[in-house]
$ cat run35.txt   # compact mmCIF, C-alpha atoms
# COMPACT_ATOMS: atom_id res chain seq x y z
CA MET A 14 0.00 0.00 0.00
CA THR A 15 1.24 3.48 -0.78
CA GLU A 16 1.36 6.13 1.89
CA ALA A 17 -1.08 9.00 1.64
CA ALA A 18 0.45 12.14 0.17
CA ALA A 19 1.33 14.83 2.71
CA PRO A 20 -0.95 17.89 2.65
CA ARG A 21 0.29 20.74 0.49
CA PRO A 22 1.95 23.49 2.54
CA VAL A 23 0.06 26.77 2.94
CA ARG A 24 1.64 29.22 0.50
CA VAL A 25 2.18 32.65 2.09
CA LEU A 26 3.02 36.02 0.56
CA LEU A 27 4.52 38.69 2.84
CA ALA A 28 3.48 42.28 2.05
CA ASP A 29 5.16 44.95 4.18
CA ASP A 30 7.24 47.99 3.28
CA GLN A 31 9.75 47.30 6.07
CA PRO A 32 12.37 44.70 5.05
CA LEU A 33 13.30 43.95 8.66
CA LEU A 34 9.72 43.03 9.52
CA ARG A 35 9.48 40.79 6.47
CA THR A 36 12.69 39.09 7.61
CA GLY A 37 11.23 38.61 11.07
CA PHE A 38 8.04 37.08 9.68
CA ARG A 39 10.10 34.83 7.41
CA MET A 40 12.12 33.57 10.38
CA VAL A 41 9.00 32.88 12.44
CA LEU A 42 7.08 31.16 9.67
CA GLY A 43 10.04 29.42 8.06
CA VAL A 44 10.34 26.87 10.85
CA GLU A 45 6.81 25.58 10.23
CA ASP A 46 6.76 22.55 7.91
CA ASP A 47 3.25 23.30 6.68
CA LEU A 48 3.93 26.95 5.72
CA ASP A 49 5.82 28.03 2.61
CA ILE A 50 6.87 31.66 2.00
CA VAL A 51 6.49 32.07 -1.75
CA GLY A 52 7.29 35.77 -2.10
CA GLU A 53 7.69 39.22 -0.57
CA ALA A 54 6.17 42.55 -1.58
CA GLY A 55 7.35 45.97 -0.46
CA ASP A 56 4.17 47.85 -1.35
CA GLY A 57 0.50 47.26 -2.11
CA LEU A 58 0.81 47.34 -5.88
CA GLU A 59 3.53 44.71 -5.80
CA ALA A 60 1.37 42.64 -3.42
CA VAL A 61 -1.42 42.64 -5.99
CA GLU A 62 0.93 41.78 -8.85
CA LEU A 63 2.52 38.90 -6.94
CA SER A 64 -0.89 37.65 -5.81
CA ARG A 65 -1.96 37.42 -9.45
CA ARG A 66 1.25 35.70 -10.50
CA LEU A 67 1.96 33.40 -7.54
CA LEU A 68 -1.57 32.74 -6.27
CA PRO A 69 -0.58 32.32 -2.62
CA ASP A 70 -3.12 30.89 -0.21
CA VAL A 71 -2.68 33.75 2.25
CA VAL A 72 -1.27 37.26 1.99
CA LEU A 73 0.04 38.82 5.21
CA MET A 74 -0.91 42.41 4.34
CA ASP A 75 0.38 45.55 6.02
CA ILE A 76 -2.09 48.46 6.07
CA ARG A 77 0.19 51.43 5.47
CA MET A 78 2.38 50.94 2.41
CA PRO A 79 3.52 53.14 -0.49
CA ARG A 80 2.02 53.22 -4.01
CA MET A 81 -1.09 51.33 -2.87
CA ASP A 82 -2.18 50.87 0.75
CA GLY A 83 -3.28 47.56 2.21
CA VAL A 84 -6.99 48.37 2.00
CA ALA A 85 -6.87 49.11 -1.73
CA ALA A 86 -4.65 46.09 -2.35
CA THR A 87 -7.04 43.83 -0.43
CA ARG A 88 -10.03 45.17 -2.35
CA THR A 89 -8.25 44.65 -5.68
CA ILE A 90 -7.33 41.06 -4.82
CA VAL A 91 -10.85 40.22 -3.63
CA ASP A 92 -12.56 41.96 -6.57
CA ALA A 93 -10.36 39.99 -8.97
CA ARG A 94 -11.79 36.80 -7.41
CA LEU A 95 -8.35 35.34 -6.93
CA PRO A 96 -8.17 32.18 -4.78
CA VAL A 97 -6.22 34.25 -2.26
CA ARG A 98 -7.19 35.23 1.26
CA VAL A 99 -5.85 38.29 3.06
CA LEU A 100 -4.78 38.50 6.70
CA VAL A 101 -4.14 42.12 7.69
CA LEU A 102 -1.35 42.98 10.13
CA THR A 103 -0.64 46.42 11.51
CA THR A 104 1.13 48.23 14.31
CA PHE A 105 -1.92 50.42 14.87
CA GLU A 106 -4.75 48.62 16.67
CA LEU A 107 -7.06 51.61 16.13
CA ASP A 108 -5.93 52.25 12.58
CA GLU A 109 -8.69 54.11 10.73
CA TYR A 110 -8.29 51.71 7.82
CA VAL A 111 -9.14 48.53 9.75
CA VAL A 112 -12.89 48.56 9.14
CA GLY A 113 -12.19 49.48 5.53
CA ALA A 114 -9.93 46.45 5.19
CA LEU A 115 -12.59 44.13 6.60
CA ARG A 116 -15.22 45.61 4.30
CA ALA A 117 -12.82 45.17 1.40
CA GLY A 118 -12.82 41.44 2.05
CA ALA A 119 -9.92 40.78 4.40
CA SER A 120 -10.31 37.46 6.18
CA GLY A 121 -8.72 38.62 9.38
CA PHE A 122 -6.99 41.33 11.33
CA LEU A 123 -4.17 41.07 13.85
CA ALA A 124 -1.68 43.39 15.50
CA LYS A 125 1.96 42.93 14.50
CA ASP A 126 2.92 42.18 18.10
CA VAL A 127 0.78 39.05 18.10
CA PRO A 128 2.61 36.03 19.60
CA ALA A 129 4.29 33.86 16.96
CA GLU A 130 2.12 30.84 17.73
CA ASP A 131 -1.05 32.92 17.33
CA LEU A 132 0.14 34.25 13.97
CA VAL A 133 0.86 30.73 12.73
CA THR A 134 -2.54 29.53 13.91
CA ALA A 135 -4.24 32.51 12.25
CA ILE A 136 -2.58 31.77 8.91
CA ARG A 137 -3.70 28.15 9.04
CA THR A 138 -7.23 29.18 10.01
CA VAL A 139 -7.55 31.74 7.22
CA ALA A 140 -6.10 29.29 4.68
CA ALA A 141 -8.77 26.78 5.74
CA GLY A 142 -11.48 29.28 4.79
CA GLU A 143 -12.29 30.64 8.22
CA ALA A 144 -11.86 34.18 9.53
CA VAL A 145 -9.69 35.52 12.33
CA VAL A 146 -9.81 38.81 14.17
CA ALA A 147 -8.24 39.65 17.49
CA PRO A 148 -11.20 40.17 19.87
CA ARG A 149 -9.60 43.11 21.70
CA ILE A 150 -9.00 44.90 18.41
CA LEU A 151 -12.51 44.40 17.09
CA ARG A 152 -14.02 45.39 20.42
CA ARG A 153 -12.00 48.60 20.62
CA LEU A 154 -12.79 49.51 17.03
CA LEU A 155 -16.49 48.99 17.53
CA ASP A 156 -16.40 50.98 20.77
CA ARG A 157 -14.73 53.79 18.86
CA PHE A 158 -17.58 53.93 16.36
CA ALA A 159 -20.38 53.11 18.80
CA ASP A 160 -21.91 56.58 18.59
CA VAL A 161 -22.60 56.26 14.87
CA LEU A 162 -24.09 52.77 15.03
CA PRO A 163 -27.87 52.36 14.66
CA ASP A 164 -30.11 51.99 17.69
CA PRO A 165 -30.83 48.27 18.22
CA ALA A 166 -34.29 49.20 19.53
CA ALA A 167 -35.19 50.50 16.09
CA THR A 168 -36.80 48.33 13.43
CA ALA A 169 -34.31 45.85 12.00
CA PRO A 170 -33.00 46.93 8.59
CA PRO A 171 -34.33 45.09 5.50
CA VAL A 172 -30.93 43.54 4.83
CA LEU A 173 -31.61 41.11 7.69
CA ASP A 174 -35.08 40.12 6.44
CA PRO A 175 -33.92 36.90 4.73
CA LEU A 176 -32.78 35.45 8.05
CA THR A 177 -34.91 33.20 10.20
CA ASP A 178 -35.22 34.01 13.89
CA ARG A 179 -32.71 31.29 14.74
CA GLU A 180 -30.23 32.50 12.11
CA ARG A 181 -30.50 36.01 13.49
CA GLU A 182 -29.90 34.64 16.97
CA VAL A 183 -26.80 32.82 15.74
CA LEU A 184 -25.58 36.00 14.05
CA VAL A 185 -25.80 37.83 17.38
CA GLN A 186 -23.62 35.17 19.01
CA VAL A 187 -21.12 35.26 16.14
CA ALA A 188 -20.90 39.05 16.53
CA ARG A 189 -20.11 38.58 20.20
CA GLY A 190 -17.07 36.52 19.23
CA LEU A 191 -18.33 33.08 20.18
CA SER A 192 -17.05 29.98 18.39
CA ASN A 193 -19.44 27.40 16.93
CA ALA A 194 -18.93 25.19 19.99
CA GLU A 195 -19.69 28.06 22.36
CA ILE A 196 -22.78 29.05 20.39
CA ALA A 197 -23.97 25.43 20.48
CA ARG A 198 -23.73 25.43 24.28
CA GLU A 199 -25.39 28.84 24.52
CA LEU A 200 -28.36 27.81 22.35
CA SER A 201 -28.50 24.16 23.46
CA VAL A 202 -28.09 22.78 19.95
CA SER A 203 -25.43 20.69 18.25
CA GLU A 204 -22.28 22.24 16.82
CA THR A 205 -23.24 20.83 13.40
CA THR A 206 -26.54 22.70 13.59
CA VAL A 207 -24.72 25.94 14.40
CA LYS A 208 -22.33 25.42 11.49
CA THR A 209 -25.33 24.94 9.19
CA HIS A 210 -26.99 28.13 10.45
CA VAL A 211 -23.77 30.11 9.99
CA GLY A 212 -23.42 28.83 6.44
CA HIS A 213 -27.02 29.75 5.63
CA LEU A 214 -26.80 33.27 7.04
CA LEU A 215 -23.54 33.96 5.21
CA THR A 216 -25.12 32.82 1.96
CA LYS A 217 -28.34 34.79 2.47
CA LEU A 218 -26.48 37.98 3.40
CA ARG A 219 -23.88 37.46 0.66
CA LEU A 220 -21.02 37.64 3.12
CA ARG A 221 -17.63 36.07 2.62
CA ASP A 222 -16.93 34.98 6.19
CA ARG A 223 -17.57 35.52 9.90
CA VAL A 224 -15.57 38.75 10.05
CA GLN A 225 -17.88 40.44 7.55
CA ALA A 226 -20.84 39.01 9.48
CA VAL A 227 -19.57 40.66 12.66
CA VAL A 228 -19.14 44.02 10.93
CA LEU A 229 -22.64 43.80 9.43
CA ALA A 230 -24.19 42.88 12.78
CA TYR A 231 -22.77 46.03 14.34
CA GLU A 232 -23.48 48.24 11.34
CA THR A 233 -27.14 47.25 11.34
CA GLY A 234 -27.47 47.71 15.10
CA LEU A 235 -28.29 44.04 15.70
CA VAL A 236 -25.72 44.21 18.49
CA ARG A 237 -23.78 47.05 20.05
CA PRO A 238 -20.39 47.23 21.79
CA GLY A 239 -20.55 46.07 25.40
CA ARG A 240 -23.89 44.29 24.98
$ encode --input "run35.txt" --output "structure tokens"
Amino acid sequence: MTEAAAPRPVRVLLADDQPLLRTGFRMVLGVEDDLDIVGEAGDGLEAVELSRRLLPDVVLMDIRMPRMDGVAATRTIVDARLPVRVLVLTTFELDEYVVGALRAGASGFLAKDVPAEDLVTAIRTVAAGEAVVAPRILRRLLDRFADVLPDPAATAPPVLDPLTDREREVLVQVARGLSNAEIARELSVSETTVKTHVGHLLTKLRLRDRVQAVVLAYETGLVRPGR
């Protein structure tokens, strides 16, 4: 009998205008057998060009770069429907571009001082099609914009009309940062059922992943920071 082929390594593109940071990321990720650094970009335009040419699984995208910033680069990659997912990294936890990056289709957002093991886990998670966002960052961003969010006591916006009551309930729990297992315990249902509900609500709302679902939940006033 032949042995099963080993899984293909996750192909990663580093996009940051600081060579020393790219070197640091390469050193951290290079020791992982299942991660393969396929290229480096020093600005957003180069990140887009290399994404088209190399088709990495994940781009580690800095926000503030010359020629094209990380938000515009993310939007260009997503709009081109490339099989590439973007994980945004930045020094600025309250960077004004963070929400823009998530709206543009980024699959996650982390601070650059994230522990190495958390960065590696985030890359694997994003490559697997899930979304990652540091809870403290999302919470602080949403708190910052709390005053401009809709009143949850008001009539729910039409965009949420396609959802069933249970799907809307699941969306609330997703927006609060709960995992599928935690939501299952909270609602006394199976984890498989929660996964099905999440899939349905993403499809109905035409959202790419859980991160965009969280942003939408707050934008529509379904939930508010601290509640």
$ residues_near_point --input "run35.txt" --point "(-10.5, 50.4, 5.7)" --cutoff "10 Å" --atoms "only C-alpha atoms" --output "JSON, numbers by chain"
{"A": [76, 82, 83, 84, 85, 87, 88, 108, 109, 110, 111, 112, 113, 114, 115, 116, 117, 118, 119]}
$ atom_distance --input "run35.txt" --atom1 "CA of Ala124 (chain A)" --atom2 "CA of Leu27 (chain A)"
14.9 Å
$ residues_around --input "run35.txt" --residues "Leu95 (chain A)" --least-positions-apart "3" --cutoff "10 Å" --atoms "all atoms listed in the file" --output "list in words"
Ser64, Arg65, Leu68, Pro69, Asp70, Thr89, Ile90, Val91, Asp92 and Arg98 of chain A
$ atom_distance --input "run35.txt" --atom1 "CA of Lys125 (chain A)" --atom2 "CA of Leu26 (chain A)"
15.6 Å
$ closest_atom_pairs --input "run35.txt" --of "region 43-127 of chain A" --to "region 133-142 of chain A" --cutoff "12 Å" --atoms "all atoms listed in the file" --output "JSON lines"
{"residue": "A:Gly43", "atom": "CA", "partner": "A:Val133", "partner_atom": "CA", "distance": 10.4}
{"residue": "A:Val44", "atom": "CA", "partner": "A:Val133", "partner_atom": "CA", "distance": 10.4}
{"residue": "A:Glu45", "atom": "CA", "partner": "A:Val133", "partner_atom": "CA", "distance": 8.3}
{"residue": "A:Asp46", "atom": "CA", "partner": "A:Val133", "partner_atom": "CA", "distance": 11.2}
{"residue": "A:Asp47", "atom": "CA", "partner": "A:Arg137", "partner_atom": "CA", "distance": 8.8}
{"residue": "A:Leu48", "atom": "CA", "partner": "A:Arg137", "partner_atom": "CA", "distance": 8.4}
{"residue": "A:Asp49", "atom": "CA", "partner": "A:Ile136", "partner_atom": "CA", "distance": 11.1}
{"residue": "A:Ile50", "atom": "CA", "partner": "A:Ile136", "partner_atom": "CA", "distance": 11.7}
{"residue": "A:Pro69", "atom": "CA", "partner": "A:Ala140", "partner_atom": "CA", "distance": 9.6}
{"residue": "A:Asp70", "atom": "CA", "partner": "A:Ala140", "partner_atom": "CA", "distance": 5.9}
{"residue": "A:Val71", "atom": "CA", "partner": "A:Ala140", "partner_atom": "CA", "distance": 6.1}
{"residue": "A:Val72", "atom": "CA", "partner": "A:Ile136", "partner_atom": "CA", "distance": 8.9}
{"residue": "A:Leu73", "atom": "CA", "partner": "A:Ile136", "partner_atom": "CA", "distance": 8.4}
{"residue": "A:Met74", "atom": "CA", "partner": "A:Ile136", "partner_atom": "CA", "distance": 11.7}
{"residue": "A:Pro96", "atom": "CA", "partner": "A:Ala140", "partner_atom": "CA", "distance": 10.1}
{"residue": "A:Val97", "atom": "CA", "partner": "A:Ala140", "partner_atom": "CA", "distance": 8.5}
{"residue": "A:Arg98", "atom": "CA", "partner": "A:Val139", "partner_atom": "CA", "distance": 6.9}
{"residue": "A:Val99", "atom": "CA", "partner": "A:Val139", "partner_atom": "CA", "distance": 7.9}
{"residue": "A:Leu100", "atom": "CA", "partner": "A:Val139", "partner_atom": "CA", "distance": 7.3}
{"residue": "A:Val101", "atom": "CA", "partner": "A:Ile136", "partner_atom": "CA", "distance": 10.5}
{"residue": "A:Leu102", "atom": "CA", "partner": "A:Ala135", "partner_atom": "CA", "distance": 11.1}
{"residue": "A:Ala119", "atom": "CA", "partner": "A:Val139", "partner_atom": "CA", "distance": 9.8}
{"residue": "A:Ser120", "atom": "CA", "partner": "A:Val139", "partner_atom": "CA", "distance": 6.4}
{"residue": "A:Gly121", "atom": "CA", "partner": "A:Val139", "partner_atom": "CA", "distance": 7.3}
{"residue": "A:Phe122", "atom": "CA", "partner": "A:Ala135", "partner_atom": "CA", "distance": 9.3}
{"residue": "A:Leu123", "atom": "CA", "partner": "A:Ala135", "partner_atom": "CA", "distance": 8.7}
{"residue": "A:Ala124", "atom": "CA", "partner": "A:Ala135", "partner_atom": "CA", "distance": 11.6}
{"residue": "A:Val127", "atom": "CA", "partner": "A:Val133", "partner_atom": "CA", "distance": 9.9}
$ closest_residue --input "run35.txt" --among "A:Ala93, A:Met78, A:Val146, A:Ala28" --to "Gln225 (chain A)" --atoms "all atoms listed in the file"
A:Val146
$ atom_distance --input "run35.txt" --atom1 "CA of Glu143 (chain A)" --atom2 "CA of Gly212 (chain A)"
11.4 Å
$ closest_residue --input "run35.txt" --among "A:Arg223, A:Arg21, A:Arg66, A:Arg94" --to "His210 (chain A)" --atoms "all atoms listed in the file"
A:Arg223
$ closest_residue --input "run35.txt" --among "A:Ala226, A:Ala129, A:Leu218, A:Leu235" --to "Met40 (chain A)" --atoms "all atoms listed in the file"
A:Ala129
$ axis_aligned_box --input "run35.txt" --around "region 78-96 of chain A" --padding-each-side "8 Å" --output "AutoDock Vina command-line options"
--center_x -4.5 --center_y 42.7 --center_z -3.3 --size_x 32.1 --size_y 37.0 --size_z 27.4
$ closest_residue --input "run35.txt" --among "A:Pro22, A:Gly55, A:Gly190, A:Gly234" --to "Arg35 (chain A)" --atoms "only C-alpha atoms"
A:Gly55
$ closest_residue --input "run35.txt" --among "A:Gln186, A:Thr233, A:Thr177, A:Thr216" --to "Leu200 (chain A)" --atoms "all atoms listed in the file"
A:Gln186
$ closest_residue --input "run35.txt" --among "A:Ala54, A:Ala86, A:Val172, A:Val23" --to "Thr36 (chain A)" --atoms "only C-alpha atoms"
A:Ala54
